[in-house]
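Structure file structure.csv (CSV, C-alpha atoms) follows.
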```csv
chain,number,residue,atom,x,y,z
M,1,MET,CA,32.6,22.2,13.4
M,2,SER,CA,32.9,25.9,14.1
M,3,THR,CA,29.4,26.8,13.1
M,4,GLU,CA,28.1,24.3,15.6
M,5,THR,CA,29.5,26.3,18.6
M,6,THR,CA,28.9,29.8,17.3
M,7,GLU,CA,25.5,29.7,15.7
M,8,ALA,CA,24.0,26.4,16.8
M,9,GLY,CA,20.2,26.4,16.4
M,10,THR,CA,20.0,30.0,15.0
M,11,ASP,CA,20.5,29.4,11.3
M,12,ASP,CA,19.2,26.2,9.9
M,13,ALA,CA,21.1,26.6,6.6
M,14,ARG,CA,24.4,26.9,8.5
M,15,ARG,CA,23.9,24.0,10.8
M,16,TYR,CA,24.2,21.3,8.2
M,17,ASP,CA,26.9,20.8,5.7
M,18,VAL,CA,28.6,18.1,3.7
M,19,ASP,CA,30.3,16.6,6.8
M,20,ASN,CA,27.3,17.1,9.1
M,21,PRO,CA,24.1,16.3,7.1
M,22,ALA,CA,20.6,16.6,8.5
M,23,PRO,CA,19.1,13.3,9.8
M,24,LEU,CA,16.9,11.5,7.2
M,25,ILE,CA,13.3,10.8,8.0
M,26,THR,CA,13.0,7.1,7.9
M,27,ALA,CA,9.7,5.3,7.2
M,28,PRO,CA,7.8,4.2,10.3
M,29,ARG,CA,8.3,0.5,11.2
M,30,ALA,CA,10.9,-0.2,8.6
M,31,ARG,CA,11.9,-3.9,8.0
M,32,THR,CA,15.1,-4.4,10.0
M,33,ALA,CA,17.2,-7.3,11.2
M,34,ARG,CA,15.2,-7.0,14.5
M,35,THR,CA,11.9,-7.5,12.8
M,36,PRO,CA,10.3,-10.7,14.2
M,37,LYS,CA,10.6,-13.7,11.9
M,38,SER,CA,7.5,-15.1,10.2
M,39,THR,CA,5.1,-16.9,12.5
M,40,ARG,CA,4.3,-19.7,10.1
M,41,THR,CA,0.7,-20.1,11.1
M,42,ASN,CA,-2.5,-19.8,9.2
M,43,PHE,CA,-4.0,-17.3,11.7
M,44,GLU,CA,-4.2,-14.4,9.2
M,45,LEU,CA,-5.6,-16.6,6.6
M,46,TYR,CA,-8.4,-17.8,8.9
M,47,GLY,CA,-9.0,-14.3,10.1
M,48,TRP,CA,-9.4,-13.1,6.5
M,49,LEU,CA,-11.8,-15.9,5.7
M,50,PHE,CA,-13.8,-15.4,8.8
M,51,MET,CA,-14.4,-11.8,8.0
M,52,ARG,CA,-15.9,-12.7,4.6
M,53,LEU,CA,-18.0,-15.6,5.8
M,54,SER,CA,-19.2,-14.0,9.0
M,55,GLY,CA,-20.0,-10.9,7.0
M,56,ILE,CA,-22.4,-12.8,4.7
M,57,VAL,CA,-24.1,-14.5,7.7
M,58,LEU,CA,-24.4,-11.2,9.6
M,59,VAL,CA,-26.1,-9.5,6.7
M,60,VAL,CA,-29.0,-12.0,7.1
M,61,LEU,CA,-28.9,-12.0,10.9
M,62,VAL,CA,-28.7,-8.3,11.5
M,63,LEU,CA,-31.1,-7.2,8.8
M,64,GLY,CA,-33.6,-9.8,9.9
M,65,HIS,CA,-33.1,-8.7,13.5
M,66,LEU,CA,-33.7,-5.0,12.6
M,67,LEU,CA,-36.8,-5.9,10.5
M,68,ILE,CA,-38.4,-7.9,13.4
M,69,GLN,CA,-37.4,-5.4,16.1
M,70,LEU,CA,-38.1,-2.1,14.4
M,71,VAL,CA,-40.4,-2.5,11.5
M,72,LEU,CA,-42.9,-5.4,11.8
M,73,ASP,CA,-45.8,-5.6,14.3
M,74,GLY,CA,-46.0,-1.9,15.3
M,75,GLY,CA,-42.3,-1.2,15.2
M,76,VAL,CA,-40.1,-0.3,18.2
M,77,SER,CA,-43.0,0.5,20.5
M,78,LYS,CA,-43.8,-3.2,21.0
M,79,ILE,CA,-40.4,-4.0,22.6
M,80,GLY,CA,-40.7,-4.6,26.3
M,81,PHE,CA,-39.8,-7.2,28.8
M,82,ALA,CA,-42.7,-9.3,27.7
M,83,PHE,CA,-41.6,-9.2,24.1
M,84,VAL,CA,-38.0,-10.3,24.9
M,85,ALA,CA,-39.3,-13.0,27.3
M,86,GLY,CA,-41.6,-14.3,24.6
M,87,ARG,CA,-38.8,-14.5,22.0
M,88,TRP,CA,-36.3,-16.1,24.2
M,89,ALA,CA,-38.8,-18.8,25.1
M,90,SER,CA,-38.0,-20.3,21.7
M,91,PRO,CA,-34.7,-22.0,21.1
M,92,PHE,CA,-34.7,-20.7,17.6
M,93,TRP,CA,-34.4,-17.0,18.7
M,94,GLN,CA,-31.9,-18.0,21.4
M,95,VAL,CA,-29.7,-19.5,18.7
M,96,TRP,CA,-30.3,-16.5,16.4
M,97,ASP,CA,-29.3,-14.0,19.0
M,98,LEU,CA,-26.4,-16.1,20.3
M,99,LEU,CA,-25.0,-16.5,16.7
M,100,MET,CA,-25.5,-12.8,16.1
M,101,LEU,CA,-23.7,-11.8,19.3
M,102,TRP,CA,-20.7,-14.0,18.7
M,103,LEU,CA,-20.3,-13.3,15.0
M,104,ALA,CA,-20.8,-9.5,15.3
M,105,MET,CA,-18.4,-9.3,18.3
M,106,LEU,CA,-15.7,-11.4,16.7
M,107,HIS,CA,-16.2,-9.7,13.3
M,108,GLY,CA,-15.9,-6.3,14.8
M,109,ALA,CA,-13.0,-7.2,17.1
M,110,ASN,CA,-11.0,-8.7,14.2
M,111,GLY,CA,-11.8,-5.6,12.1
M,112,LEU,CA,-10.5,-3.3,14.9
M,113,ARG,CA,-7.5,-5.5,15.3
M,114,THR,CA,-6.5,-4.9,11.7
M,115,VAL,CA,-7.1,-1.2,12.1
M,116,ILE,CA,-4.9,-1.1,15.2
M,117,ASN,CA,-2.2,-3.1,13.3
M,118,ASP,CA,-2.4,-0.6,10.4
M,119,TYR,CA,-2.4,2.6,12.4
M,120,ALA,CA,-0.6,2.1,15.7
M,121,GLU,CA,3.0,3.1,15.1
M,122,ARG,CA,4.7,2.1,18.4
M,123,ASP,CA,4.7,-1.5,19.7
M,124,GLY,CA,3.6,-0.4,23.1
M,125,THR,CA,0.6,1.5,21.8
M,126,ARG,CA,-0.4,-1.5,19.7
M,127,LEU,CA,-0.1,-3.9,22.6
M,128,TRP,CA,-2.3,-1.8,24.9
M,129,LEU,CA,-4.9,-1.0,22.4
M,130,LYS,CA,-5.2,-4.7,21.5
M,131,MET,CA,-5.4,-5.7,25.2
M,132,LEU,CA,-8.2,-3.2,25.7
M,133,LEU,CA,-10.0,-4.5,22.6
M,134,TYR,CA,-9.6,-8.2,23.6
M,135,THR,CA,-10.8,-7.5,27.2
M,136,ALA,CA,-13.8,-5.6,26.0
M,137,THR,CA,-14.7,-8.3,23.5
M,138,VAL,CA,-14.4,-11.2,25.9
M,139,PHE,CA,-16.4,-9.3,28.5
M,140,THR,CA,-19.2,-8.5,26.1
M,141,VAL,CA,-19.4,-12.0,24.6
M,142,LEU,CA,-19.4,-13.7,27.9
M,143,LEU,CA,-21.9,-11.4,29.5
M,144,GLY,CA,-24.2,-11.7,26.5
M,145,THR,CA,-24.0,-15.5,26.4
M,146,LEU,CA,-24.7,-15.6,30.1
M,147,VAL,CA,-27.8,-13.5,29.7
M,148,ILE,CA,-29.2,-15.5,26.8
M,149,PHE,CA,-28.7,-18.9,28.6
M,150,THR,CA,-29.8,-17.8,32.1
M,151,PHE,CA,-32.6,-15.5,31.2
M,152,ASP,CA,-35.4,-15.9,33.7
M,153,PRO,CA,-38.9,-14.7,32.5
M,154,ASN,CA,-40.3,-14.8,36.0
M,155,ILE,CA,-37.7,-12.5,37.5
M,156,ARG,CA,-39.0,-9.7,39.8
W,157,MET,CA,11.9,31.5,-6.0
W,158,GLU,CA,11.4,31.8,-9.7
W,159,LYS,CA,13.7,31.3,-12.6
W,160,SER,CA,13.0,31.9,-16.2
W,161,GLY,CA,13.9,29.2,-18.7
W,162,ASP,CA,15.1,31.5,-21.5
W,163,SER,CA,18.8,30.9,-20.9
W,164,GLY,CA,21.1,29.3,-23.4
W,165,ALA,CA,21.1,29.2,-27.1
W,166,GLU,CA,17.6,27.6,-27.3
W,167,ALA,CA,15.4,28.3,-30.3
W,168,SER,CA,13.2,30.2,-28.0
W,169,ALA,CA,15.6,33.1,-27.5
W,170,GLY,CA,13.7,36.4,-27.7
W,171,SER,CA,10.1,35.6,-28.5
W,172,LYS,CA,9.1,32.0,-27.8
W,173,ALA,CA,8.2,29.6,-30.6
W,174,PRO,CA,4.5,29.2,-31.2
W,175,HIS,CA,4.3,25.5,-30.1
W,176,LEU,CA,5.8,26.1,-26.7
W,177,ILE,CA,3.8,26.8,-23.6
W,178,THR,CA,4.9,28.2,-20.2
W,179,VAL,CA,4.7,25.7,-17.4
W,180,THR,CA,5.6,26.1,-13.8
W,181,PHE,CA,7.1,23.0,-12.2
W,182,ARG,CA,6.8,22.9,-8.4
W,183,ILE,CA,9.4,20.4,-7.2
W,184,ARG,CA,9.8,19.1,-3.6
W,185,ARG,CA,13.5,19.7,-2.8
W,186,PHE,CA,15.4,18.2,0.0
W,187,ASN,CA,19.1,18.4,0.6
W,188,PRO,CA,20.3,17.1,4.0
W,189,GLU,CA,23.6,19.0,3.5
W,190,LEU,CA,21.7,22.3,3.6
W,191,SER,CA,18.6,21.9,5.7
W,192,ALA,CA,16.6,19.3,7.6
W,193,ASP,CA,13.4,20.6,5.9
W,194,ALA,CA,12.1,19.8,2.5
W,195,VAL,CA,10.8,22.8,0.5
W,196,TRP,CA,8.8,23.4,-2.6
W,197,GLU,CA,10.7,25.2,-5.4
W,198,ASP,CA,9.2,26.6,-8.5
W,199,PHE,CA,10.8,26.5,-11.9
W,200,THR,CA,9.1,28.2,-14.8
W,201,LEU,CA,10.1,27.2,-18.3
W,202,GLU,CA,8.9,27.2,-21.9
W,203,ILE,CA,8.4,23.7,-23.1
W,204,ASP,CA,6.6,21.7,-25.8
W,205,PRO,CA,3.4,20.2,-24.3
W,206,LYS,CA,4.2,17.0,-26.2
W,207,ASP,CA,7.4,16.7,-24.2
W,208,ARG,CA,7.5,14.4,-21.2
W,209,VAL,CA,7.9,15.5,-17.6
W,210,LEU,CA,11.4,13.9,-17.7
W,211,ASP,CA,12.3,16.3,-20.5
W,212,ALA,CA,11.3,19.2,-18.2
W,213,LEU,CA,13.4,17.8,-15.4
W,214,HIS,CA,16.4,17.5,-17.8
W,215,LYS,CA,15.9,21.1,-18.9
W,216,ILE,CA,15.9,22.2,-15.3
W,217,LYS,CA,18.9,20.2,-14.3
W,218,TRP,CA,20.9,21.0,-17.4
W,219,GLU,CA,20.0,24.7,-17.9
W,220,LEU,CA,18.6,26.1,-14.7
W,221,ASP,CA,19.8,24.3,-11.5
W,222,GLY,CA,22.3,21.5,-11.7
W,223,THR,CA,21.7,20.5,-8.1
W,224,LEU,CA,18.3,19.0,-8.9
W,225,THR,CA,18.7,15.3,-8.2
W,226,PHE,CA,16.6,12.5,-9.6
W,227,ARG,CA,17.0,9.0,-11.0
W,228,ARG,CA,16.6,8.0,-14.6
W,229,SER,CA,18.4,5.4,-16.7
W,230,CYS,CA,16.8,4.4,-20.0
W,231,ALA,CA,14.3,7.3,-20.1
W,232,HIS,CA,11.9,5.2,-22.1
W,233,GLY,CA,9.7,3.5,-19.5
W,234,ILE,CA,11.6,0.2,-19.3
W,235,CYS,CA,14.2,0.5,-16.4
W,236,GLY,CA,11.7,1.9,-13.8
W,237,SER,CA,14.1,4.3,-12.2
W,238,ASP,CA,12.1,7.5,-12.5
W,239,ALA,CA,8.9,6.7,-10.6
W,240,MET,CA,7.8,9.9,-8.9
W,241,ARG,CA,4.7,11.5,-7.5
W,242,ILE,CA,3.5,13.9,-10.3
W,243,ASN,CA,0.4,16.0,-9.5
W,244,GLY,CA,-0.3,13.7,-6.6
W,245,ARG,CA,-0.2,10.5,-8.5
W,246,ASN,CA,2.7,8.0,-8.9
W,247,ARG,CA,3.9,7.9,-12.5
W,248,LEU,CA,7.0,7.4,-14.5
W,249,ALA,CA,8.3,10.9,-15.5
W,250,CYS,CA,9.5,9.4,-18.8
W,251,LYS,CA,6.0,8.2,-19.7
W,252,THR,CA,4.0,11.2,-18.6
W,253,LEU,CA,3.4,13.8,-21.3
W,254,ILE,CA,3.0,17.4,-20.1
W,255,LYS,CA,-0.2,17.9,-22.3
W,256,ASP,CA,-1.9,15.0,-20.5
W,257,ILE,CA,-1.6,16.5,-17.0
W,258,THR,CA,-2.1,20.2,-17.6
W,259,THR,CA,-4.7,22.5,-19.1
W,260,VAL,CA,-3.3,25.2,-21.3
W,261,LYS,CA,-4.8,28.7,-21.2
W,262,ASP,CA,-3.2,31.6,-23.3
W,263,GLY,CA,0.0,29.6,-23.8
W,264,ARG,CA,0.4,28.9,-20.1
W,265,SER,CA,-0.5,25.9,-18.0
W,266,ALA,CA,-3.4,26.8,-15.7
W,267,LYS,CA,-1.8,25.2,-12.6
W,268,PRO,CA,1.8,24.3,-11.7
W,269,ILE,CA,2.8,20.7,-12.1
W,270,THR,CA,3.9,19.3,-8.7
W,271,ILE,CA,6.7,16.7,-8.6
W,272,GLU,CA,7.8,15.0,-5.4
W,273,ALA,CA,9.5,11.8,-4.4
W,274,ILE,CA,7.5,8.6,-4.0
W,275,LYS,CA,6.1,8.1,-0.5
W,276,GLY,CA,6.8,5.5,2.1
W,277,LEU,CA,10.5,5.3,1.4
W,278,THR,CA,13.3,7.4,3.0
W,279,VAL,CA,14.1,10.5,0.9
W,280,LEU,CA,17.8,10.8,0.4
W,281,LYS,CA,17.9,13.9,-1.8
W,282,ASP,CA,15.2,15.8,-3.8
W,283,LEU,CA,13.5,13.0,-5.8
W,284,VAL,CA,15.8,10.2,-4.9
W,285,VAL,CA,14.6,7.7,-2.3
W,286,ASP,CA,16.3,4.7,-0.5
W,287,MET,CA,14.9,1.7,-2.5
W,288,GLU,CA,16.5,-0.9,-0.2
W,289,PRO,CA,13.4,-1.8,1.8
W,290,PHE,CA,11.5,-2.2,-1.5
W,291,PHE,CA,14.2,-4.6,-2.9
W,292,GLN,CA,14.5,-6.4,0.4
W,293,ALA,CA,10.8,-7.4,0.1
W,294,TYR,CA,11.4,-8.3,-3.5
W,295,ARG,CA,14.3,-10.6,-2.6
W,296,ASP,CA,12.3,-12.2,0.2
W,297,VAL,CA,9.8,-13.8,-2.1
W,298,MET,CA,12.5,-15.6,-4.1
W,299,PRO,CA,12.0,-14.0,-7.5
W,300,PHE,CA,13.9,-16.7,-9.4
W,301,LEU,CA,13.1,-20.1,-11.0
W,302,VAL,CA,13.3,-23.0,-8.5
W,303,THR,CA,13.3,-26.6,-9.8
W,304,THR,CA,14.3,-30.0,-8.7
W,305,GLY,CA,16.0,-32.8,-10.5
W,306,ASN,CA,18.4,-32.7,-13.4
W,307,GLU,CA,18.4,-29.8,-15.7
W,308,PRO,CA,16.8,-30.7,-19.0
W,309,THR,CA,19.1,-30.7,-22.0
W,310,ARG,CA,16.5,-28.7,-24.0
W,311,GLU,CA,14.4,-25.8,-23.0
W,312,ARG,CA,11.6,-26.2,-20.5
W,313,TYR,CA,8.4,-26.4,-22.5
W,314,GLN,CA,5.2,-24.6,-21.5
W,315,SER,CA,1.9,-24.4,-23.2
W,316,ASP,CA,0.4,-21.1,-24.4
W,317,ALA,CA,-2.3,-21.4,-21.7
W,318,ASP,CA,0.3,-22.0,-18.9
W,319,ARG,CA,2.3,-19.0,-20.1
W,320,ALA,CA,-0.8,-16.8,-20.3
W,321,ARG,CA,-1.6,-17.6,-16.7
W,322,PHE,CA,1.1,-15.3,-15.3
W,323,ASP,CA,1.6,-13.0,-18.4
W,324,ASP,CA,0.3,-9.9,-16.7
W,325,THR,CA,2.8,-10.0,-13.8
W,326,THR,CA,5.8,-10.6,-16.0
W,327,LYS,CA,5.5,-6.9,-17.1
W,328,CYS,CA,6.7,-5.5,-13.8
W,329,ILE,CA,9.7,-3.2,-14.1
W,330,LEU,CA,10.2,-2.7,-10.3
W,331,CYS,CA,9.7,1.0,-10.4
W,332,ALA,CA,8.0,1.0,-6.9
W,333,ALA,CA,5.1,3.1,-8.1
W,334,CYS,CA,2.6,0.5,-6.7
W,335,THR,CA,4.3,-0.2,-3.4
W,336,SER,CA,4.8,3.5,-2.7
W,337,SER,CA,1.2,4.3,-3.4
W,338,CYS,CA,0.0,1.6,-1.0
W,339,PRO,CA,-1.4,3.2,2.3
W,340,VAL,CA,-0.6,0.0,4.2
W,341,PHE,CA,3.0,0.3,3.1
W,342,TRP,CA,3.2,4.0,4.0
W,343,ASN,CA,2.2,3.1,7.6
W,344,ASP,CA,4.1,-0.2,7.9
W,345,GLY,CA,7.2,-0.9,5.8
W,346,GLN,CA,7.1,-4.4,7.1
W,347,TYR,CA,4.3,-5.2,4.7
W,348,PHE,CA,5.7,-6.9,1.6
W,349,GLY,CA,4.0,-4.4,-0.7
W,350,PRO,CA,2.3,-5.0,-4.0
W,351,ALA,CA,5.4,-5.2,-6.1
W,352,ALA,CA,6.9,-8.1,-4.1
W,353,ILE,CA,3.5,-10.0,-4.3
W,354,VAL,CA,3.3,-9.4,-8.1
W,355,ASN,CA,6.7,-10.9,-8.5
W,356,ALA,CA,5.9,-13.8,-6.3
W,357,HIS,CA,2.7,-14.3,-8.4
W,358,ARG,CA,4.9,-14.4,-11.5
W,359,PHE,CA,6.6,-17.5,-10.2
W,360,ILE,CA,3.8,-19.1,-8.2
W,361,PHE,CA,1.7,-19.5,-11.3
W,362,ASP,CA,4.5,-20.5,-13.6
W,363,SER,CA,4.0,-24.2,-14.4
W,364,ARG,CA,7.8,-24.7,-14.7
W,365,ASP,CA,8.5,-23.5,-11.1
W,366,GLU,CA,8.4,-25.8,-8.1
W,367,ALA,CA,8.7,-23.5,-5.2
W,368,GLY,CA,5.1,-22.1,-5.3
W,369,GLU,CA,4.3,-23.6,-1.8
W,370,GLN,CA,7.4,-22.0,-0.3
W,371,ARG,CA,6.5,-18.6,-1.7
W,372,LEU,CA,2.9,-18.9,-0.6
W,373,GLU,CA,4.1,-19.8,2.9
W,374,ILE,CA,6.2,-16.6,2.9
W,375,LEU,CA,3.2,-14.5,1.8
W,376,ASN,CA,0.9,-16.2,4.3
W,377,ASP,CA,2.7,-14.3,7.1
W,378,LYS,CA,1.0,-11.5,9.0
W,379,ASP,CA,2.9,-9.0,6.8
W,380,GLY,CA,2.0,-10.8,3.7
W,381,VAL,CA,-1.0,-10.7,1.4
W,382,TRP,CA,-3.5,-10.6,4.2
W,383,ARG,CA,-2.4,-7.0,5.0
W,384,CYS,CA,-3.8,-6.0,1.6
W,385,ARG,CA,-6.9,-3.8,2.1
W,386,THR,CA,-7.9,-3.9,-1.6
W,387,THR,CA,-7.7,-0.1,-2.1
W,388,PHE,CA,-6.6,-0.5,-5.7
W,389,ASN,CA,-4.0,2.3,-5.4
W,390,CYS,CA,-1.4,-0.1,-6.8
W,391,THR,CA,-3.5,-0.9,-9.9
W,392,ASP,CA,-4.1,2.8,-10.5
W,393,ALA,CA,-0.4,3.6,-10.1
W,394,CYS,CA,1.2,0.9,-12.2
W,395,PRO,CA,2.7,2.5,-15.3
W,396,ARG,CA,2.7,-0.9,-17.0
W,397,GLY,CA,-1.0,-1.4,-16.5
W,398,ILE,CA,-0.6,-4.6,-14.5
W,399,GLU,CA,-3.7,-5.5,-12.6
W,400,VAL,CA,-1.9,-5.6,-9.3
W,401,THR,CA,-4.8,-5.9,-6.9
W,402,LYS,CA,-6.1,-8.8,-9.0
W,403,ALA,CA,-2.8,-10.6,-8.8
W,404,ILE,CA,-2.8,-10.1,-5.0
W,405,GLN,CA,-6.3,-11.6,-4.8
W,406,GLU,CA,-5.2,-14.5,-6.9
W,407,VAL,CA,-2.4,-15.2,-4.4
W,408,LYS,CA,-5.0,-15.0,-1.6
W,409,ARG,CA,-7.2,-17.5,-3.4
W,410,ALA,CA,-4.3,-19.8,-4.0
W,411,LEU,CA,-3.5,-19.7,-0.3
W,412,ILE,CA,-7.0,-20.7,0.6
W,413,THR,CA,-7.6,-23.3,-2.1
W,414,ARG,CA,-4.0,-24.5,-2.4
W,415,ARG,CA,-4.5,-24.7,-6.2
W,416,PHE,CA,-2.2,-22.7,-8.4
```

Transcribe the structure of this file into structure tokens.
Amino acid sequence: MSTETTEAGTDDARRYDVDNPAPLITAPRARTARTPKSTRTNFELYGWLFMRLSGIVLVVLVLGHLLIQLVLDGGVSKIGFAFVAGRWASPFWQVWDLLMLWLAMLHGANGLRTVINDYAERDGTRLWLKMLLYTATVFTVLLGTLVIFTFDPNIR
Amino acid sequence: MEKSGDSGAEASAGSKAPHLITVTFRIRRFNPELSADAVWEDFTLEIDPKDRVLDALHKIKWELDGTLTFRRSCAHGICGSDAMRINGRNRLACKTLIKDITTVKDGRSAKPITIEAIKGLTVLKDLVVDMEPFFQAYRDVMPFLVTTGNEPTRERYQSDADRARFDDTTKCILCAACTSSCPVFWNDGQYFGPAAIVNAHRFIFDSRDEAGEQRLEILNDKDGVWRCRTTFNCTDACPRGIEVTKAIQEVKRALITRRF
């Protein structure tokens, strides 16, 4: 095409014609033949159910936690090493905190996973963001569990 | 770029007829044979406010600019070819009256009416998009009756209650207004989209059909119903008034309870 050599890049209207149309803007992540086949697992189903069920439980756990820690018995000023040690002497509060830790972390991680799935456009970005998310989740959950079970009130 | 709509032997030649109002249509134009960029182009014309947006598009195409490209077949809200984004909402141009989307002041519309192609699908020219990904998702959910055994010699009977179970989703005309209003589909065309799920729903809850399990299995995928974020854009967009989000939720419930 003669226009290509003489006026390439200078005049947009001249660069494209019937034989040389502009590239179309395709939708991100279109369904193609290379799209992975269906996984045939119930993972997404269980993930969806878990979000609903853990959400209900977390409302009770978190609101109860906030009420006890921040409102009742003089509010936030009462919290100290002695207060925590006293609470974790009881298996009830150990289970409460453990449940809250696990449910909140998995609930949040699963929520972020769906956000990453929705918003990350490139496969590489999605992979690395998820790796970061899973690493942070596993680290926090394990560290929290370790602390709850090995907490020593006589530490100095 | 402004053009006046007084051309031709219309009744409005000279002074305009009293029932007509002046409306500016701001249309998103894209022609890959001219430029890689889409641009807004204004057309101002005199039109009866009781006319439809499609009538305005016809007037523009037939009297002002023949290069304007859009799809329409029946022009009466049945074929579903002319879904477009009008004033920022997905609607059928043939079912949208001008008086319903504009406020008239001194015989003029206060603001221009914007018309653009539906989102999330590749624009081919002006208001025409590539519908192939949309129909691919539709085909994937097997939108046809599947039965086993011998074909009955008489019709397949169904009670009124069984028929009513999926009545809402039989109304779909495949215009893509719902799917192209879905933010998940905008970001990820691998999601089946509301229209495909609606058409799966139509057969999953049909008492005569026997492939409900198979369709549920297809929609149980990671790009199936679980991608739905319940934003209700699809329900708002549907020109047939189908409760799309409700249908998607019913498919989710059927997947969990395995009762349908």

Worksheet item: To one decimal place, how far is CA of Thr278 (chain W) from CA of His357 (chain W) in Å?
Response: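 These two atoms are separated by 26.7 Å.
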
Discussion item. Can you pull out the residues contacting Ser336 (chain W)? Cut-off 10 Å, using only C-alpha atoms, and skip same-chain residues under 3 positions away; I want them as a PyMOL selection string.
Written reply: chain W and resi 239-241+246+273-277+290+331-333+339-342+345+349-351+389-390+393

Test item: chain W residues at most 8 Å from chain M, counting all atoms listed in the file, as a PDB file with C-alpha atoms, keeping the file's coordinate frame:
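Here's the written file out-v2.pdb:
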```pdb
ATOM      1  CA  PRO W 188      20.300  17.100   4.000  1.00  0.00           C
ATOM      2  CA  GLU W 189      23.600  19.000   3.500  1.00  0.00           C
ATOM      3  CA  LEU W 190      21.700  22.300   3.600  1.00  0.00           C
ATOM      4  CA  SER W 191      18.600  21.900   5.700  1.00  0.00           C
ATOM      5  CA  ALA W 192      16.600  19.300   7.600  1.00  0.00           C
ATOM      6  CA  GLY W 276       6.800   5.500   2.100  1.00  0.00           C
ATOM      7  CA  LEU W 277      10.500   5.300   1.400  1.00  0.00           C
ATOM      8  CA  THR W 278      13.300   7.400   3.000  1.00  0.00           C
ATOM      9  CA  VAL W 279      14.100  10.500   0.900  1.00  0.00           C
ATOM     10  CA  LEU W 280      17.800  10.800   0.400  1.00  0.00           C
ATOM     11  CA  PRO W 289      13.400  -1.800   1.800  1.00  0.00           C
ATOM     12  CA  VAL W 340      -0.600   0.000   4.200  1.00  0.00           C
ATOM     13  CA  TRP W 342       3.200   4.000   4.000  1.00  0.00           C
ATOM     14  CA  ASN W 343       2.200   3.100   7.600  1.00  0.00           C
ATOM     15  CA  ASP W 344       4.100  -0.200   7.900  1.00  0.00           C
ATOM     16  CA  GLY W 345       7.200  -0.900   5.800  1.00  0.00           C
ATOM     17  CA  GLN W 346       7.100  -4.400   7.100  1.00  0.00           C
ATOM     18  CA  GLU W 373       4.100 -19.800   2.900  1.00  0.00           C
ATOM     19  CA  ILE W 374       6.200 -16.600   2.900  1.00  0.00           C
ATOM     20  CA  ASN W 376       0.900 -16.200   4.300  1.00  0.00           C
ATOM     21  CA  ASP W 377       2.700 -14.300   7.100  1.00  0.00           C
ATOM     22  CA  LYS W 378       1.000 -11.500   9.000  1.00  0.00           C
ATOM     23  CA  TRP W 382      -3.500 -10.600   4.200  1.00  0.00           C
ATOM     24  CA  LEU W 411      -3.500 -19.700  -0.300  1.00  0.00           C
ATOM     25  CA  ILE W 412      -7.000 -20.700   0.600  1.00  0.00           C
TER      26      ILE W 412
END
```

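Here the question is which of M:Val76, M:Leu106, M:Val71, M:Met100 gets nearest to Val59 (chain M) using all atoms listed in the file, and that residue is M:Met100.
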
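We find CA of Asp362 (chain W) and CA of Ala320 (chain W) to be spaced 9.3 Å apart.
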
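Residue nearest Phe151 (chain M) within the list M:Ala89, M:Leu67, M:Leu103, M:Ile116: M:Ala89 [criterion: smallest interatomic distance, only C-alpha atoms].
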
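For the residues W:Asp207, W:Asp221, W:Asp324, W:Asp193, ranking by smallest atom-to-atom distance to Leu176 (chain W) using all atoms listed in the file places W:Asp207 first.
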
Worksheet entry | Gap from CA of Arg396 (chain W) to CA of Ile353 (chain W) - Å, one decimal |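 Taking CA of Arg396 (chain W) and CA of Ile353 (chain W), their separation equals 15.6 Å.
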
Fill in: Exercise: Gly305 (chain W) partners within 12 Å, all atoms listed in the file, chain neighbours under 2 positions left out, as a PyMOL selection string
chain W and resi 302-303+307-308+365-366

Practice prompt. Counting all atoms listed in the file, write as a ChimeraX atom specification all protein and nucleic acid residues lying at most 10 Å from (-23.9, -10.0, 18.7) in the file's frame.
Written response: /M:58,61-62,96-108,140-141,144-145

Fill in: W:Met298, W:Cys394, W:Ala317, W:Ile177 ranked by distance to Ala356 (chain W), top pick (using only C-alpha atoms)
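The answer is W:Met298, which sits nearest to Ala356 (chain W).
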
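The environment of Arg185 (chain W) within 7 Å, counting all atoms listed in the file and disregarding residues fewer than 5 places along the same chain, consists of Ala194, Val195, Trp196, Glu197 and Asp282 of chain W.
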
Worksheet item: Which neighbours of Arg182 (chain W) fall inside 12 Å, counting only C-alpha atoms, when residues of the same chain fewer than 3 positions from it are skipped, and could you give them as a ChimeraX atom specification?
Response: /W:157-159,179,185,195-201,209,212-213,216,241-244,267-272,282

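Minimum distance to Leu224 (chain W) across W:Val260, W:Ile254, W:Ile183, W:Leu210 (counting all atoms listed in the file) occurs at W:Ile183.
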